[in-house]
Amino acid sequence: MRLCIHTQGVVLPEALRRFASEKLNVALDRLSGSVQEIQLHLNDTNGPNRSGPDKSCRVIVQIHKQKPLVLEDHDSNLGLVIDRITDRLGAAVSRRVDRLRNKQRFSMGDTPLSQE
């Protein structure tokens with residue numbers, strides 16, 4: 001699982017970079033065999049002199065043989081937006097991988113329990 005962190009208009013301190021990396025690894029640890037790449041994009045959408053929810057965080061997860069999963073969130077605090085999006089990410093990737101596994105299982109001849 002490869003992690004790429006991209007910033008635009010945002011200074012990302014090393015401590016916050018480590019925090020983001022650790023949160024992503026924890027969120028996707030049990031699914032790391034299915035995840036090929038994670039891209040974390042952090043942007044300051046309004047520029048450095050404006051306040052408000054102007055920090056954008058977009059996570060793009062490439063799951064093996066699937067379309068990328070994209071999550072996005074905004075806040076004025078980078079730490080909070082990274083924390084919030086990584087909390088959502090684990091559940092979203094888990095749902096996608098579970099659907100893929102169920103689809104593969106049923107396409108191989110298994111029938112759902114409700115049809116037996």
# chains A, B, ... in the order shown; residues from 1 in each chain; ligands from 1

call {"tool": "closest_atom_pairs", "arguments": {"of": "range 31-112 of chain A", "to": "range 4-7 of chain A", "cutoff": "7 Å", "atoms": "only C-alpha atoms", "output": "CSV"}}
result
residue,atom,partner,partner_atom,distance
A:Ile38,CA,A:Cys4,CA,6.3
A:Gln39,CA,A:Cys4,CA,4.8
A:Leu40,CA,A:Ile5,CA,4.7
A:His41,CA,A:His6,CA,4.8
A:Leu42,CA,A:Thr7,CA,4.8
A:Asn43,CA,A:Thr7,CA,5.8

call {"tool": "write_last_selection", "arguments": {"atoms": "C-alpha atoms", "output": "PDB file, in the first residue's frame"}}
result
ATOM      1  CA  ILE A  38      -3.758   6.167  -1.154  1.00  0.00           C
ATOM      2  CA  GLN A  39      -3.465   9.781  -2.234  1.00  0.00           C
ATOM      3  CA  LEU A  40      -4.076  12.514   0.313  1.00  0.00           C
ATOM      4  CA  HIS A  41      -4.589  15.976  -1.196  1.00  0.00           C
ATOM      5  CA  LEU A  42      -4.569  18.975   1.147  1.00  0.00           C
ATOM      6  CA  ASN A  43      -5.457  22.422  -0.224  1.00  0.00           C
TER       7      ASN A  43
END

call {"tool": "residues_around", "arguments": {"residues": "Lys55 in chain A", "least_positions_apart": "5", "cutoff": "12 Å", "atoms": "only C-alpha atoms", "output": "PyMOL selection string"}}
result
chain A and resi 7-12+41-48+50+72-82

call {"tool": "residues_around", "arguments": {"residues": "Leu89 in chain A", "least_positions_apart": "2", "cutoff": "9 Å", "atoms": "only C-alpha atoms", "output": "JSON, numbers by chain"}}
result
{"A": [24, 27, 28, 59, 61, 71, 84, 85, 86, 87, 91, 92, 93, 94]}

call {"tool": "write_last_selection", "arguments": {"atoms": "N, CA and C atoms", "output": "CSV table (one decimal), in the first residue's frame"}}
result
chain,number,residue,atom,x,y,z
A,24,LEU,N,-4.2,7.1,8.5
A,24,LEU,CA,-4.5,6.3,7.3
A,24,LEU,C,-4.1,4.9,7.4
A,27,ALA,N,-6.6,3.2,9.8
A,27,ALA,CA,-8.0,3.1,9.2
A,27,ALA,C,-8.0,2.0,8.2
A,28,LEU,N,-6.9,1.7,7.5
A,28,LEU,CA,-6.9,0.7,6.4
A,28,LEU,C,-6.0,-0.5,6.7
A,59,VAL,N,-9.2,12.4,-0.2
A,59,VAL,CA,-8.5,11.1,-0.1
A,59,VAL,C,-9.0,10.3,-1.3
A,61,VAL,N,-8.5,6.5,-2.9
A,61,VAL,CA,-8.0,5.2,-2.5
A,61,VAL,C,-8.2,4.3,-3.8
A,71,LEU,N,-13.1,10.5,-1.1
A,71,LEU,CA,-13.8,11.1,0.0
A,71,LEU,C,-13.2,12.6,0.1
A,84,ARG,N,-11.2,13.6,10.8
A,84,ARG,CA,-12.6,13.3,10.4
A,84,ARG,C,-12.7,12.4,9.1
A,85,ILE,N,-11.8,12.7,8.1
A,85,ILE,CA,-11.9,12.0,6.9
A,85,ILE,C,-11.3,10.6,7.0
A,86,THR,N,-10.3,10.4,7.9
A,86,THR,CA,-9.7,9.1,8.0
A,86,THR,C,-10.7,8.2,8.8
A,87,ASP,N,-11.5,8.8,9.7
A,87,ASP,CA,-12.5,8.0,10.4
A,87,ASP,C,-13.6,7.5,9.5
A,91,ALA,N,-14.5,2.8,7.1
A,91,ALA,CA,-15.8,2.3,6.9
A,91,ALA,C,-16.1,2.2,5.4
A,92,ALA,N,-15.8,3.3,4.7
A,92,ALA,CA,-16.1,3.4,3.3
A,92,ALA,C,-15.3,2.3,2.5
A,93,VAL,N,-14.1,2.1,2.8
A,93,VAL,CA,-13.3,1.1,2.0
A,93,VAL,C,-13.8,-0.3,2.4
A,94,SER,N,-14.1,-0.5,3.7
A,94,SER,CA,-14.6,-1.8,4.1
A,94,SER,C,-15.9,-2.2,3.4

call {"tool": "select_by_dssp", "arguments": {"residues": "chain A", "states": "strand (DSSP E or B)", "output": "ChimeraX atom specification"}}
result
/A:2-8,35-44,55-63,69-75

call {"tool": "write_last_selection", "arguments": {"atoms": "N, CA and C atoms", "output": "mmCIF file, in the first residue's frame"}}
result
data_model
loop_
_atom_site.group_PDB
_atom_site.id
_atom_site.type_symbol
_atom_site.label_atom_id
_atom_site.label_comp_id
_atom_site.auth_asym_id
_atom_site.auth_seq_id
_atom_site.Cartn_x
_atom_site.Cartn_y
_atom_site.Cartn_z
ATOM 1 N N ARG A 2 0.764 2.025 -1.052
ATOM 2 C CA ARG A 2 1.598 3.220 -1.200
ATOM 3 C C ARG A 2 0.796 4.459 -0.790
ATOM 4 N N LEU A 3 1.424 5.357 -0.055
ATOM 5 C CA LEU A 3 0.786 6.593 0.387
ATOM 6 C C LEU A 3 1.508 7.778 -0.221
ATOM 7 N N CYS A 4 0.751 8.660 -0.866
ATOM 8 C CA CYS A 4 1.282 9.900 -1.425
ATOM 9 C C CYS A 4 0.512 11.058 -0.810
ATOM 10 N N ILE A 5 1.233 12.034 -0.264
ATOM 11 C CA ILE A 5 0.604 13.214 0.313
ATOM 12 C C ILE A 5 0.968 14.411 -0.560
ATOM 13 N N HIS A 6 -0.057 15.111 -1.038
ATOM 14 C CA HIS A 6 0.126 16.275 -1.900
ATOM 15 C C HIS A 6 -0.454 17.497 -1.186
ATOM 16 N N THR A 7 0.251 18.624 -1.248
ATOM 17 C CA THR A 7 -0.265 19.858 -0.659
ATOM 18 C C THR A 7 -0.243 20.968 -1.695
ATOM 19 N N GLN A 8 -1.179 21.889 -1.547
ATOM 20 C CA GLN A 8 -1.225 23.066 -2.407
ATOM 21 C C GLN A 8 -1.694 24.245 -1.558
ATOM 22 N N VAL A 35 -5.924 -2.635 -0.861
ATOM 23 C CA VAL A 35 -5.643 -1.248 -1.221
ATOM 24 C C VAL A 35 -4.275 -1.160 -1.886
ATOM 25 N N GLN A 36 -4.241 -0.580 -3.080
ATOM 26 C CA GLN A 36 -2.982 -0.423 -3.789
ATOM 27 C C GLN A 36 -2.302 0.907 -3.483
ATOM 28 N N GLU A 37 -3.101 1.982 -3.487
ATOM 29 C CA GLU A 37 -2.518 3.307 -3.313
ATOM 30 C C GLU A 37 -3.508 4.230 -2.613
ATOM 31 N N ILE A 38 -2.971 5.128 -1.808
ATOM 32 C CA ILE A 38 -3.758 6.167 -1.154
ATOM 33 C C ILE A 38 -3.117 7.499 -1.506
ATOM 34 N N GLN A 39 -3.934 8.423 -1.979
ATOM 35 C CA GLN A 39 -3.465 9.781 -2.234
ATOM 36 C C GLN A 39 -4.220 10.718 -1.300
ATOM 37 N N LEU A 40 -3.490 11.524 -0.578
ATOM 38 C CA LEU A 40 -4.076 12.514 0.313
ATOM 39 C C LEU A 40 -3.740 13.884 -0.254
ATOM 40 N N HIS A 41 -4.764 14.637 -0.626
ATOM 41 C CA HIS A 41 -4.589 15.976 -1.196
ATOM 42 C C HIS A 41 -5.099 17.003 -0.202
ATOM 43 N N LEU A 42 -4.213 17.920 0.205
ATOM 44 C CA LEU A 42 -4.569 18.975 1.147
ATOM 45 C C LEU A 42 -4.407 20.316 0.451
ATOM 46 N N ASN A 43 -5.473 21.131 0.458
ATOM 47 C CA ASN A 43 -5.457 22.422 -0.224
ATOM 48 C C ASN A 43 -6.009 23.514 0.666
ATOM 49 N N ASP A 44 -5.503 24.724 0.462
ATOM 50 C CA ASP A 44 -6.092 25.914 1.064
ATOM 51 C C ASP A 44 -6.889 26.573 -0.052
ATOM 52 N N LYS A 55 -9.868 24.790 4.317
ATOM 53 C CA LYS A 55 -8.894 23.715 4.095
ATOM 54 C C LYS A 55 -9.646 22.510 3.543
ATOM 55 N N SER A 56 -9.221 22.068 2.404
ATOM 56 C CA SER A 56 -9.882 20.934 1.767
ATOM 57 C C SER A 56 -8.974 19.714 1.879
ATOM 58 N N CYS A 57 -9.583 18.585 2.177
ATOM 59 C CA CYS A 57 -8.863 17.316 2.287
ATOM 60 C C CYS A 57 -9.579 16.307 1.404
ATOM 61 N N ARG A 58 -8.877 15.777 0.431
ATOM 62 C CA ARG A 58 -9.435 14.767 -0.460
ATOM 63 C C ARG A 58 -8.553 13.526 -0.380
ATOM 64 N N VAL A 59 -9.194 12.392 -0.163
ATOM 65 C CA VAL A 59 -8.489 11.116 -0.131
ATOM 66 C C VAL A 59 -8.978 10.287 -1.313
ATOM 67 N N ILE A 60 -8.034 9.781 -2.087
ATOM 68 C CA ILE A 60 -8.348 8.901 -3.210
ATOM 69 C C ILE A 60 -7.690 7.553 -2.915
ATOM 70 N N VAL A 61 -8.511 6.522 -2.851
ATOM 71 C CA VAL A 61 -8.020 5.176 -2.531
ATOM 72 C C VAL A 61 -8.220 4.296 -3.756
ATOM 73 N N GLN A 62 -7.129 3.715 -4.223
ATOM 74 C CA GLN A 62 -7.209 2.785 -5.346
ATOM 75 C C GLN A 62 -7.269 1.366 -4.788
ATOM 76 N N ILE A 63 -8.420 0.754 -4.972
ATOM 77 C CA ILE A 63 -8.638 -0.617 -4.527
ATOM 78 C C ILE A 63 -8.391 -1.530 -5.719
ATOM 79 N N LEU A 69 -11.954 5.148 -4.941
ATOM 80 C CA LEU A 69 -12.899 5.639 -3.950
ATOM 81 C C LEU A 69 -12.407 7.019 -3.526
ATOM 82 N N VAL A 70 -13.282 8.027 -3.595
ATOM 83 C CA VAL A 70 -12.890 9.406 -3.298
ATOM 84 C C VAL A 70 -13.757 9.945 -2.165
ATOM 85 N N LEU A 71 -13.103 10.487 -1.142
ATOM 86 C CA LEU A 71 -13.784 11.148 -0.029
ATOM 87 C C LEU A 71 -13.212 12.559 0.083
ATOM 88 N N GLU A 72 -14.074 13.517 0.417
ATOM 89 C CA GLU A 72 -13.613 14.891 0.560
ATOM 90 C C GLU A 72 -14.305 15.543 1.755
ATOM 91 N N ASP A 73 -13.572 16.436 2.416
ATOM 92 C CA ASP A 73 -14.110 17.158 3.556
ATOM 93 C C ASP A 73 -13.413 18.515 3.627
ATOM 94 N N HIS A 74 -14.027 19.441 4.371
ATOM 95 C CA HIS A 74 -13.492 20.798 4.512
ATOM 96 C C HIS A 74 -13.568 21.230 5.968
ATOM 97 N N ASP A 75 -12.592 22.040 6.387
ATOM 98 C CA ASP A 75 -12.591 22.606 7.728
ATOM 99 C C ASP A 75 -11.536 23.705 7.759
#
